[in-house]
file run-v7.cif (mmCIF, C-alpha atoms and all ligand atoms)
data_coords
#
loop_
_atom_site.label_atom_id
_atom_site.label_comp_id
_atom_site.auth_asym_id
_atom_site.auth_seq_id
_atom_site.Cartn_x
_atom_site.Cartn_y
_atom_site.Cartn_z
CA MET A 285 -145.70 23.52 21.45
CA LEU A 286 -145.69 22.11 17.93
CA VAL A 287 -147.78 18.95 17.76
CA ARG A 288 -147.13 16.41 15.07
CA ILE A 289 -149.99 14.15 14.19
CA VAL A 290 -148.64 10.62 14.28
CA GLU A 291 -150.03 7.65 12.45
CA ASN A 292 -152.74 5.66 14.19
CA PRO A 293 -151.44 2.49 15.92
CA TYR A 294 -154.09 0.35 14.29
CA SER A 295 -153.27 -0.16 10.63
CA ASP A 296 -156.90 -1.01 9.94
CA GLY A 297 -158.07 2.46 10.96
CA MET A 298 -158.95 4.81 13.76
CA PHE A 299 -161.19 4.01 16.69
CA THR A 300 -164.72 5.29 16.24
CA HIS A 301 -166.48 3.97 19.36
CA ALA A 302 -165.91 3.20 23.02
CA VAL A 303 -167.96 1.23 25.52
CA ILE A 304 -168.01 2.89 28.94
CA ARG A 305 -169.87 2.26 32.17
CA PRO A 306 -169.97 4.80 35.01
CA PRO A 307 -169.05 3.68 38.52
CA GLY A 308 -172.04 2.44 40.53
CA ALA A 309 -173.10 3.31 44.08
CA ASN A 310 -171.21 0.20 45.25
CA PHE A 311 -167.92 1.29 43.62
CA ALA A 312 -165.99 1.34 46.92
CA GLU A 313 -166.84 -2.35 47.50
CA GLY A 314 -164.72 -3.47 44.55
CA LEU A 315 -161.41 -5.31 44.71
CA THR A 316 -158.23 -3.51 45.50
CA THR A 317 -154.69 -4.33 46.59
CA VAL A 318 -153.54 -0.77 47.24
CA GLU A 319 -153.92 1.17 50.42
CA LEU A 320 -154.83 4.59 49.18
CA GLY A 321 -158.07 4.98 51.07
CA THR A 322 -161.76 4.69 50.20
CA PRO A 323 -162.76 6.26 46.89
CA ASP A 324 -165.19 9.16 46.92
CA LEU A 325 -168.03 8.21 44.56
CA LYS A 326 -168.92 11.79 43.68
CA VAL A 327 -165.33 12.53 42.70
CA ALA A 328 -165.08 9.22 40.81
CA CYS A 329 -168.18 10.12 38.79
CA LYS A 330 -166.74 13.53 38.00
CA GLN A 331 -163.46 11.95 36.88
CA HIS A 332 -165.38 9.42 34.80
CA THR A 333 -167.33 12.21 33.10
CA ALA A 334 -164.08 14.00 32.23
CA TYR A 335 -162.70 10.70 30.88
CA CYS A 336 -165.77 10.29 28.65
CA GLU A 337 -165.45 13.85 27.41
CA ALA A 338 -161.81 13.16 26.53
CA LEU A 339 -162.82 10.13 24.48
CA GLN A 340 -165.35 12.29 22.66
CA ARG A 341 -162.66 14.88 22.02
CA CYS A 342 -160.66 12.06 20.41
CA GLY A 343 -163.58 11.60 18.03
CA LEU A 344 -165.25 8.57 19.61
CA THR A 345 -168.94 7.83 19.89
CA LEU A 346 -169.73 6.50 23.35
CA VAL A 347 -171.71 3.32 23.94
CA ARG A 348 -172.86 3.91 27.48
CA LEU A 349 -173.91 1.06 29.79
CA ASP A 350 -175.97 1.87 32.86
CA ALA A 351 -174.03 1.87 36.12
CA ASP A 352 -174.50 -1.33 38.09
CA ASP A 353 -175.31 -0.26 41.63
CA LEU A 354 -176.01 -3.69 43.06
CA HIS A 355 -174.00 -6.61 41.77
CA PHE A 356 -170.66 -5.69 40.22
CA PRO A 357 -168.71 -2.93 41.96
CA ASP A 358 -165.80 -3.30 39.53
CA SER A 359 -167.95 -3.13 36.40
CA THR A 360 -166.80 0.38 35.50
CA PHE A 361 -163.53 -1.34 34.46
CA VAL A 362 -165.09 -2.58 31.22
CA GLU A 363 -161.78 -3.32 29.53
CA ASP A 364 -161.37 -6.49 31.56
CA ALA A 365 -164.46 -8.13 30.05
CA ALA A 366 -163.51 -8.22 26.35
CA ILE A 367 -160.80 -7.71 23.75
CA LEU A 368 -161.81 -5.87 20.60
CA THR A 369 -159.40 -6.07 17.71
CA PRO A 370 -159.95 -4.60 14.27
CA ARG A 371 -160.83 -8.15 13.21
CA GLY A 372 -163.16 -9.41 15.90
CA ALA A 373 -164.48 -9.44 19.44
CA ILE A 374 -163.42 -11.86 22.17
CA LEU A 375 -165.22 -12.12 25.50
CA MET A 376 -162.88 -12.59 28.45
CA ARG A 377 -163.37 -14.80 31.48
CA PRO A 378 -162.19 -12.61 34.37
CA GLY A 379 -159.95 -14.27 36.92
CA ALA A 380 -161.68 -12.79 39.98
CA PRO A 381 -164.91 -14.70 40.70
CA SER A 382 -166.66 -11.50 41.81
CA ARG A 383 -166.20 -10.11 38.30
CA SER A 384 -167.24 -13.04 36.11
CA GLY A 385 -170.87 -11.84 35.81
CA GLU A 386 -169.73 -8.55 34.29
CA VAL A 387 -169.31 -10.25 30.94
CA ASP A 388 -173.08 -10.66 30.40
CA ALA A 389 -173.76 -6.95 29.91
CA ILE A 390 -170.72 -6.61 27.67
CA ARG A 391 -171.82 -9.60 25.57
CA GLU A 392 -175.27 -8.08 25.10
CA THR A 393 -173.76 -4.76 24.05
CA LEU A 394 -171.16 -6.17 21.68
CA GLN A 395 -173.72 -8.40 19.95
CA GLU A 396 -175.11 -5.21 18.46
CA PHE A 397 -171.81 -4.53 16.72
CA TYR A 398 -170.18 -7.89 16.01
CA PRO A 399 -171.80 -10.75 14.03
CA ARG A 400 -169.82 -13.29 16.07
CA LEU A 401 -168.22 -13.25 19.48
CA ASP A 402 -165.39 -15.58 20.44
CA ALA A 403 -164.87 -16.36 24.12
CA ILE A 404 -162.35 -17.64 26.64
CA ILE A 405 -163.68 -20.82 28.24
CA ALA A 406 -163.02 -22.73 31.49
CA PRO A 407 -160.53 -23.54 32.88
CA GLY A 408 -159.03 -20.51 31.18
CA THR A 409 -159.22 -17.10 32.77
CA VAL A 410 -158.15 -13.85 31.15
CA ASP A 411 -158.67 -10.24 32.24
CA GLY A 412 -158.63 -7.74 29.38
CA GLY A 413 -156.09 -5.66 31.32
CA ASP A 414 -153.59 -8.44 30.70
CA ILE A 415 -153.65 -7.93 26.96
CA CYS A 416 -151.53 -5.28 25.29
CA GLU A 417 -152.09 -4.96 21.57
CA ALA A 418 -149.06 -3.68 19.67
CA GLY A 419 -149.95 -3.56 16.00
CA ASP A 420 -150.10 -7.12 14.74
CA HIS A 421 -148.67 -8.53 17.95
CA PHE A 422 -150.43 -9.09 21.26
CA PHE A 423 -148.62 -9.39 24.60
CA ILE A 424 -150.51 -11.53 27.07
CA GLY A 425 -149.63 -11.12 30.73
CA ILE A 426 -149.73 -14.25 32.86
CA SER A 427 -150.86 -12.82 36.17
CA HIS A 428 -152.87 -13.68 39.25
CA ARG A 429 -155.95 -13.12 37.06
CA THR A 430 -154.87 -14.56 33.70
CA ASN A 431 -153.76 -18.19 33.59
CA GLU A 432 -151.88 -20.26 31.00
CA ALA A 433 -155.02 -22.04 29.74
CA GLY A 434 -156.71 -18.71 29.12
CA ALA A 435 -153.62 -17.29 27.45
CA ARG A 436 -153.37 -20.33 25.15
CA LYS A 437 -157.00 -20.07 24.12
CA LEU A 438 -156.66 -16.36 23.50
CA ALA A 439 -153.51 -16.85 21.40
CA GLU A 440 -155.41 -19.44 19.34
CA ILE A 441 -158.31 -17.07 18.66
CA LEU A 442 -155.93 -14.23 17.84
CA ALA A 443 -154.01 -16.49 15.44
CA ARG A 444 -157.28 -17.17 13.61
CA GLN A 445 -157.66 -13.43 13.26
CA GLY A 446 -154.14 -13.26 11.81
CA TYR A 447 -152.31 -11.90 14.85
CA ARG A 448 -149.23 -13.14 16.69
CA ALA A 449 -149.14 -13.35 20.48
CA SER A 450 -146.56 -13.95 23.20
CA CYS A 451 -146.83 -14.41 26.94
CA VAL A 452 -145.06 -12.39 29.60
CA ASP A 453 -145.18 -13.73 33.15
CA ILE A 454 -145.74 -10.77 35.45
CA ARG A 455 -146.47 -12.73 38.64
CA GLY A 456 -143.09 -11.85 40.15
CA ILE A 457 -143.33 -8.13 39.45
CA PRO A 458 -144.47 -6.18 42.49
CA ASN A 459 -147.25 -3.59 42.40
CA ILE A 460 -148.79 -4.45 39.06
CA LEU A 461 -152.19 -6.09 38.81
CA HIS A 462 -152.19 -6.55 35.04
CA ILE A 463 -149.56 -6.32 32.34
CA LYS A 464 -151.12 -3.06 31.22
CA SER A 465 -150.39 -1.60 34.64
CA GLY A 466 -146.81 -1.43 33.34
CA ILE A 467 -146.96 -1.07 29.57
CA ALA A 468 -148.71 0.93 26.86
CA TYR A 469 -148.40 0.77 23.08
CA LEU A 470 -148.30 4.20 21.47
CA GLY A 471 -148.10 3.07 17.86
CA GLU A 472 -145.07 3.52 15.56
CA SER A 473 -143.43 0.51 17.27
CA ARG A 474 -143.16 2.42 20.55
CA LEU A 475 -143.84 0.96 23.96
CA VAL A 476 -144.05 2.80 27.26
CA LEU A 477 -142.55 0.43 29.84
CA ILE A 478 -141.86 0.45 33.55
CA ASP A 479 -138.28 -0.46 34.54
CA ALA A 480 -139.31 -3.94 35.73
CA LEU A 481 -140.47 -4.80 32.18
CA ALA A 482 -138.14 -2.68 30.08
CA GLU A 483 -135.40 -5.31 29.67
CA HIS A 484 -137.72 -8.21 28.96
CA ALA A 485 -136.78 -10.00 25.75
CA ALA A 486 -140.39 -9.93 24.53
CA PHE A 487 -140.12 -6.21 23.88
CA ARG A 488 -136.71 -6.10 22.17
CA ASP A 489 -138.07 -5.18 18.71
CA PHE A 490 -139.73 -2.04 20.02
CA GLU A 491 -138.52 1.44 20.80
CA VAL A 492 -138.88 1.78 24.55
CA ILE A 493 -140.01 4.88 26.40
CA ARG A 494 -138.99 4.28 29.99
CA VAL A 495 -141.30 5.34 32.77
CA PRO A 496 -139.36 7.49 35.23
CA ALA A 497 -139.25 6.29 38.84
CA GLY A 498 -142.30 7.58 40.66
CA ASP A 499 -144.44 7.82 37.51
CA GLU A 500 -145.26 4.08 37.31
CA TYR A 501 -149.00 4.58 37.61
CA ALA A 502 -148.93 6.66 34.41
CA ALA A 503 -147.48 3.72 32.41
CA ASN A 504 -151.11 2.84 31.81
CA CYS A 505 -151.66 5.61 29.28
CA VAL A 506 -153.76 5.12 26.16
CA ARG A 507 -153.31 6.15 22.57
CA VAL A 508 -156.70 7.12 21.15
CA ASN A 509 -156.46 8.33 17.58
CA GLU A 510 -154.41 11.56 17.60
CA PHE A 511 -154.12 11.79 21.38
CA VAL A 512 -152.52 10.00 24.28
CA LEU A 513 -154.67 9.98 27.42
CA ILE A 514 -152.45 9.99 30.49
CA PRO A 515 -153.12 10.19 34.24
CA ALA A 516 -152.70 13.75 35.51
CA GLY A 517 -149.82 14.49 37.89
CA PHE A 518 -146.96 12.69 36.14
CA PRO A 519 -145.18 15.52 34.34
CA GLU A 520 -141.94 13.70 33.51
CA LEU A 521 -143.50 10.81 31.59
CA THR A 522 -145.95 13.25 30.00
CA ARG A 523 -143.01 15.34 28.83
CA ARG A 524 -141.21 12.32 27.36
CA ILE A 525 -144.32 11.38 25.39
CA GLU A 526 -144.97 14.92 24.19
CA GLU A 527 -141.34 15.24 23.09
CA LEU A 528 -142.01 12.45 20.62
CA GLY A 529 -144.74 14.56 19.06
CA TYR A 530 -147.86 13.18 20.70
CA ALA A 531 -150.60 15.44 21.99
CA THR A 532 -151.57 14.37 25.50
CA ILE A 533 -154.77 14.77 27.49
CA PRO A 534 -154.08 14.53 31.24
CA LEU A 535 -156.95 13.10 33.28
CA ALA A 536 -157.46 12.99 37.04
CA MET A 537 -157.64 9.33 38.08
CA SER A 538 -157.21 9.38 41.87
CA GLU A 539 -160.45 7.56 42.74
CA PHE A 540 -159.88 4.78 40.19
CA GLN A 541 -156.27 4.39 41.30
CA LYS A 542 -157.60 3.64 44.79
CA MET A 543 -159.37 0.63 43.31
CA ASP A 544 -156.33 -0.58 41.31
CA GLY A 545 -157.79 0.78 38.06
CA GLY A 546 -155.91 2.50 35.28
CA LEU A 547 -156.97 4.69 32.38
CA SER A 548 -157.24 1.96 29.80
CA CYS A 549 -159.60 -0.20 31.83
CA LEU A 550 -162.34 2.44 31.84
CA SER A 551 -163.22 1.89 28.19
CA LEU A 552 -163.31 -0.61 25.37
CA ARG A 553 -162.22 1.27 22.31
CA PHE A 554 -163.16 -0.13 18.92
CA THR A 555 -164.30 0.31 15.37
CA PRO A 556 -167.29 -1.82 14.46
CA PRO A 557 -166.61 -4.20 11.57
CA GLY A 558 -167.95 -3.50 8.07
C1 LIG A 601 -159.97 -5.27 40.00
O1 LIG A 601 -159.22 -5.53 40.94
O2 LIG A 601 -160.32 -6.13 39.21
C2 LIG A 601 -160.49 -3.86 39.85
N1 LIG A 601 -160.65 -3.27 41.12
C3 LIG A 601 -159.54 -3.02 39.01
C4 LIG A 601 -159.40 -3.54 37.61
C5 LIG A 601 -158.54 -2.68 36.78
N2 LIG A 601 -158.46 -3.19 35.47
C6 LIG A 601 -157.49 -2.90 34.62
O3 LIG A 601 -156.56 -2.22 34.99
N3 LIG A 601 -157.55 -3.43 33.42
#

call {"tool": "encode", "arguments": {"input": "run-v7.cif", "output": "structure tokens", "more": "lines below"}}
Ligand code: CIR
result
Amino acid sequence: MLVRIVENPYSDGMFTHAVIRPPGANFAEGLTTVELGTPDLKVACKQHTAYCEALQRCGLTLVRLDADDLHFPDSTFVEDAAILTPRGAILMRPGAPSRSGEVDAIRETLQEFYPRLDAIIAPGTVDGGDICEAGDHFFIGISHRTNEAGARKLAEILARQGYRASCVDIRGIPNILHIKSGIAYLGESRLVLIDALAEHAAFRDFEVIRVPAGDEYAANCVRVNEFVLIPAGFPELTRRIEELGYATIPLAMSEFQKMDGGLSCLSLRFTPPG
């Protein structure tokens, strides 16, 4: 098929780097709300390797953290520990107590790239998966992990960076852990949205690509430079995205799905300042 290269969603440039962290031996002890069975660590590692290779194919240099085998079974989901915008880094304060210590390793890593790190502070809690960046606007999901105090603090920091933000309460929407379980920004003012979010007034200025029934898990796809990474096995949403001219890379995600994880949460994509 003919593939059109579409403009990068981030006006300040393409992503050049991504922080990743392989699943640890304790991966199956992480949090989950779904009943899809126990993940197979060997398969999860294989899927993670393929994910990393896809990021490299998108042109990214990987910043690889060692797997944490002992303390933080959910630490492969690095996206929840920070938000990296083209204008700065913000450390999150994850809403699940078992995950709060994950931020230390991310802080240490990001200090090598950012001269200053902002942070969400108590009583605020924010998981990175509750933040959807859409150009100059950030949607913040109020969820069972992200509270109003955290959202307010985040909006304040983003405003200092010159961004607008709005909150979307997702607590009443079944089967989504974070806002990004149901939304993805593709660039060019286009949002992929599950039905339960599609009519929400917050998104009315965007062109909406509806997620077909049954493909909801694939709503968490990720635009990385010229490609859209998408969970494998969701041909109808993949087709809708490709029809718009995007080149997709399908990735097997079964073992991460068992732990409530999506594609976006496996990496922190960024371009170091300066
Ligand atoms: C959790 O419940 O926190 C992890 N098992 C999954 C986190 C997935 N994060 C994300 O989608 N941003």

call {"tool": "residues_near_ligand", "arguments": {"input": "run-v7.cif", "ligand": "ligand LIG 601 (chain A)", "cutoff": "8 Å", "atoms": "only C-alpha atoms and all ligand atoms", "output": "number ranges by chain"}}
result
A: 314-317, 358, 361-364, 380, 383, 411-414, 461-462, 464-465, 540, 543-550

call {"tool": "write_last_selection", "arguments": {"input": "run-v7.cif", "atoms": "C-alpha atoms", "output": "PDB file, keeping the file's coordinate frame"}}
result
ATOM      1  CA  GLY A 314    -164.720  -3.470  44.550  1.00  0.00           C
ATOM      2  CA  LEU A 315    -161.410  -5.310  44.710  1.00  0.00           C
ATOM      3  CA  THR A 316    -158.230  -3.510  45.500  1.00  0.00           C
ATOM      4  CA  THR A 317    -154.690  -4.330  46.590  1.00  0.00           C
ATOM      5  CA  ASP A 358    -165.800  -3.300  39.530  1.00  0.00           C
ATOM      6  CA  PHE A 361    -163.530  -1.340  34.460  1.00  0.00           C
ATOM      7  CA  VAL A 362    -165.090  -2.580  31.220  1.00  0.00           C
ATOM      8  CA  GLU A 363    -161.780  -3.320  29.530  1.00  0.00           C
ATOM      9  CA  ASP A 364    -161.370  -6.490  31.560  1.00  0.00           C
ATOM     10  CA  ALA A 380    -161.680 -12.790  39.980  1.00  0.00           C
ATOM     11  CA  ARG A 383    -166.200 -10.110  38.300  1.00  0.00           C
ATOM     12  CA  ASP A 411    -158.670 -10.240  32.240  1.00  0.00           C
ATOM     13  CA  GLY A 412    -158.630  -7.740  29.380  1.00  0.00           C
ATOM     14  CA  GLY A 413    -156.090  -5.660  31.320  1.00  0.00           C
ATOM     15  CA  ASP A 414    -153.590  -8.440  30.700  1.00  0.00           C
ATOM     16  CA  LEU A 461    -152.190  -6.090  38.810  1.00  0.00           C
ATOM     17  CA  HIS A 462    -152.190  -6.550  35.040  1.00  0.00           C
ATOM     18  CA  LYS A 464    -151.120  -3.060  31.220  1.00  0.00           C
ATOM     19  CA  SER A 465    -150.390  -1.600  34.640  1.00  0.00           C
ATOM     20  CA  PHE A 540    -159.880   4.780  40.190  1.00  0.00           C
ATOM     21  CA  MET A 543    -159.370   0.630  43.310  1.00  0.00           C
ATOM     22  CA  ASP A 544    -156.330  -0.580  41.310  1.00  0.00           C
ATOM     23  CA  GLY A 545    -157.790   0.780  38.060  1.00  0.00           C
ATOM     24  CA  GLY A 546    -155.910   2.500  35.280  1.00  0.00           C
ATOM     25  CA  LEU A 547    -156.970   4.690  32.380  1.00  0.00           C
ATOM     26  CA  SER A 548    -157.240   1.960  29.800  1.00  0.00           C
ATOM     27  CA  CYS A 549    -159.600  -0.200  31.830  1.00  0.00           C
ATOM     28  CA  LEU A 550    -162.340   2.440  31.840  1.00  0.00           C
TER      29      LEU A 550
END

call {"tool": "residues_around", "arguments": {"input": "run-v7.cif", "residues": "A:Asp350", "least_positions_apart": "5", "cutoff": "12 Å", "atoms": "all atoms listed in the file", "output": "MDAnalysis selection string"}}
result
chainID A and resid 303:309 356 359:360 362 389:390 393

call {"tool": "write_last_selection", "arguments": {"input": "run-v7.cif", "atoms": "C-alpha atoms", "output": "mmCIF file, keeping the file's coordinate frame"}}
result
data_model
loop_
_atom_site.group_PDB
_atom_site.id
_atom_site.type_symbol
_atom_site.label_atom_id
_atom_site.label_comp_id
_atom_site.auth_asym_id
_atom_site.auth_seq_id
_atom_site.Cartn_x
_atom_site.Cartn_y
_atom_site.Cartn_z
ATOM 1 C CA VAL A 303 -167.960 1.230 25.520
ATOM 2 C CA ILE A 304 -168.010 2.890 28.940
ATOM 3 C CA ARG A 305 -169.870 2.260 32.170
ATOM 4 C CA PRO A 306 -169.970 4.800 35.010
ATOM 5 C CA PRO A 307 -169.050 3.680 38.520
ATOM 6 C CA GLY A 308 -172.040 2.440 40.530
ATOM 7 C CA ALA A 309 -173.100 3.310 44.080
ATOM 8 C CA PHE A 356 -170.660 -5.690 40.220
ATOM 9 C CA SER A 359 -167.950 -3.130 36.400
ATOM 10 C CA THR A 360 -166.800 0.380 35.500
ATOM 11 C CA VAL A 362 -165.090 -2.580 31.220
ATOM 12 C CA ALA A 389 -173.760 -6.950 29.910
ATOM 13 C CA ILE A 390 -170.720 -6.610 27.670
ATOM 14 C CA THR A 393 -173.760 -4.760 24.050
#

call {"tool": "closest_residue", "arguments": {"input": "run-v7.cif", "among": "A:Gly372, A:Gly385, A:Gly379, A:Pro458", "to": "A:Pro357", "atoms": "all atoms listed in the file"}}
result
A:Gly385

call {"tool": "closest_atom_pairs", "arguments": {"input": "run-v7.cif", "of": "stretch 336-434 of chain A", "to": "stretch 470-481 of chain A", "cutoff": "12 Å", "atoms": "all atoms listed in the file", "output": "CSV"}}
result
residue,atom,partner,partner_atom,distance
A:Cys416,CA,A:Leu475,CA,10.0
A:Glu417,CA,A:Gly471,CA,9.7
A:Ala418,CA,A:Gly471,CA,7.1
A:Gly419,CA,A:Gly471,CA,7.1
A:Asp420,CA,A:Ser473,CA,10.4
A:His421,CA,A:Ser473,CA,10.5
A:Phe423,CA,A:Leu475,CA,11.4
A:Gly425,CA,A:Leu481,CA,11.2

call {"tool": "write_last_selection", "arguments": {"input": "run-v7.cif", "atoms": "C-alpha atoms", "output": "tab-separated table (two decimals), in the coordinates of the input"}}
result
chain	number	residue	atom	x	y	z
A	416	CYS	CA	-151.53	-5.28	25.29
A	417	GLU	CA	-152.09	-4.96	21.57
A	418	ALA	CA	-149.06	-3.68	19.67
A	419	GLY	CA	-149.95	-3.56	16.00
A	420	ASP	CA	-150.10	-7.12	14.74
A	421	HIS	CA	-148.67	-8.53	17.95
A	423	PHE	CA	-148.62	-9.39	24.60
A	425	GLY	CA	-149.63	-11.12	30.73

call {"tool": "atom_distance", "arguments": {"input": "run-v7.cif", "atom1": "atom CA of A:Leu320", "atom2": "atom CA of A:Arg377"}}
result
27.6 Å

call {"tool": "atom_distance", "arguments": {"input": "run-v7.cif", "atom1": "atom CA of A:Phe397", "atom2": "atom CA of A:Pro557"}}
result
7.3 Å

call {"tool": "atom_distance", "arguments": {"input": "run-v7.cif", "atom1": "atom CA of A:Asp453", "atom2": "atom CA of A:Ile426"}}
result
4.6 Å

call {"tool": "closest_residue", "arguments": {"input": "run-v7.cif", "among": "A:Asp489, A:Asp352, A:Asp388, A:Glu510", "to": "A:Gly529", "atoms": "all atoms listed in the file"}}
result
A:Glu510

call {"tool": "residues_around", "arguments": {"input": "run-v7.cif", "residues": "A:Thr369", "least_positions_apart": "3", "cutoff": "10 Å", "atoms": "only C-alpha atoms", "output": "list in words"}}
result
Tyr294, Asp296, Ala366, Gly372, Ala373, Ile374, Glu417, Gly419, Asp420, Leu442, Gln445, Tyr447, Arg553, Phe554, Thr555, Pro556 and Pro557 of chain A

call {"tool": "residues_near_point", "arguments": {"input": "run-v7.cif", "point": "(-140.5, -13.0, 31.1)", "cutoff": "12 Å", "atoms": "all atoms listed in the file", "output": "short mmCIF file (atom, residue, chain, number, x, y, z; two decimals) with C-alpha atoms, keeping the file's coordinate frame"}}
result
data_model
loop_
_atom_site.label_atom_id
_atom_site.label_comp_id
_atom_site.auth_asym_id
_atom_site.auth_seq_id
_atom_site.Cartn_x
_atom_site.Cartn_y
_atom_site.Cartn_z
CA PHE A 423 -148.62 -9.39 24.60
CA ILE A 424 -150.51 -11.53 27.07
CA GLY A 425 -149.63 -11.12 30.73
CA ILE A 426 -149.73 -14.25 32.86
CA SER A 427 -150.86 -12.82 36.17
CA SER A 450 -146.56 -13.95 23.20
CA CYS A 451 -146.83 -14.41 26.94
CA VAL A 452 -145.06 -12.39 29.60
CA ASP A 453 -145.18 -13.73 33.15
CA ILE A 454 -145.74 -10.77 35.45
CA ARG A 455 -146.47 -12.73 38.64
CA GLY A 456 -143.09 -11.85 40.15
CA ILE A 457 -143.33 -8.13 39.45
CA ILE A 463 -149.56 -6.32 32.34
CA ALA A 480 -139.31 -3.94 35.73
CA LEU A 481 -140.47 -4.80 32.18
CA ALA A 482 -138.14 -2.68 30.08
CA GLU A 483 -135.40 -5.31 29.67
CA HIS A 484 -137.72 -8.21 28.96
CA ALA A 485 -136.78 -10.00 25.75
CA ALA A 486 -140.39 -9.93 24.53
CA PHE A 487 -140.12 -6.21 23.88
CA ARG A 488 -136.71 -6.10 22.17
#

call {"tool": "residues_around", "arguments": {"input": "run-v7.cif", "residues": "A:Glu539", "least_positions_apart": "2", "cutoff": "7 Å", "atoms": "all atoms listed in the file", "output": "MDAnalysis selection string"}}
result
chainID A and resid 323:324 327:328 537 541:542

call {"tool": "closest_residue", "arguments": {"input": "run-v7.cif", "among": "A:Ala365, A:Leu344, A:Ala403, A:Leu325", "to": "A:Glu440", "atoms": "only C-alpha atoms"}}
result
A:Ala403

call {"tool": "residues_near_point", "arguments": {"input": "run-v7.cif", "point": "(-145.9, 13.0, 37.8)", "cutoff": "10 Å", "atoms": "all atoms listed in the file", "output": "VMD selection string"}}
result
chain A and resid 496 to 502 515 to 523
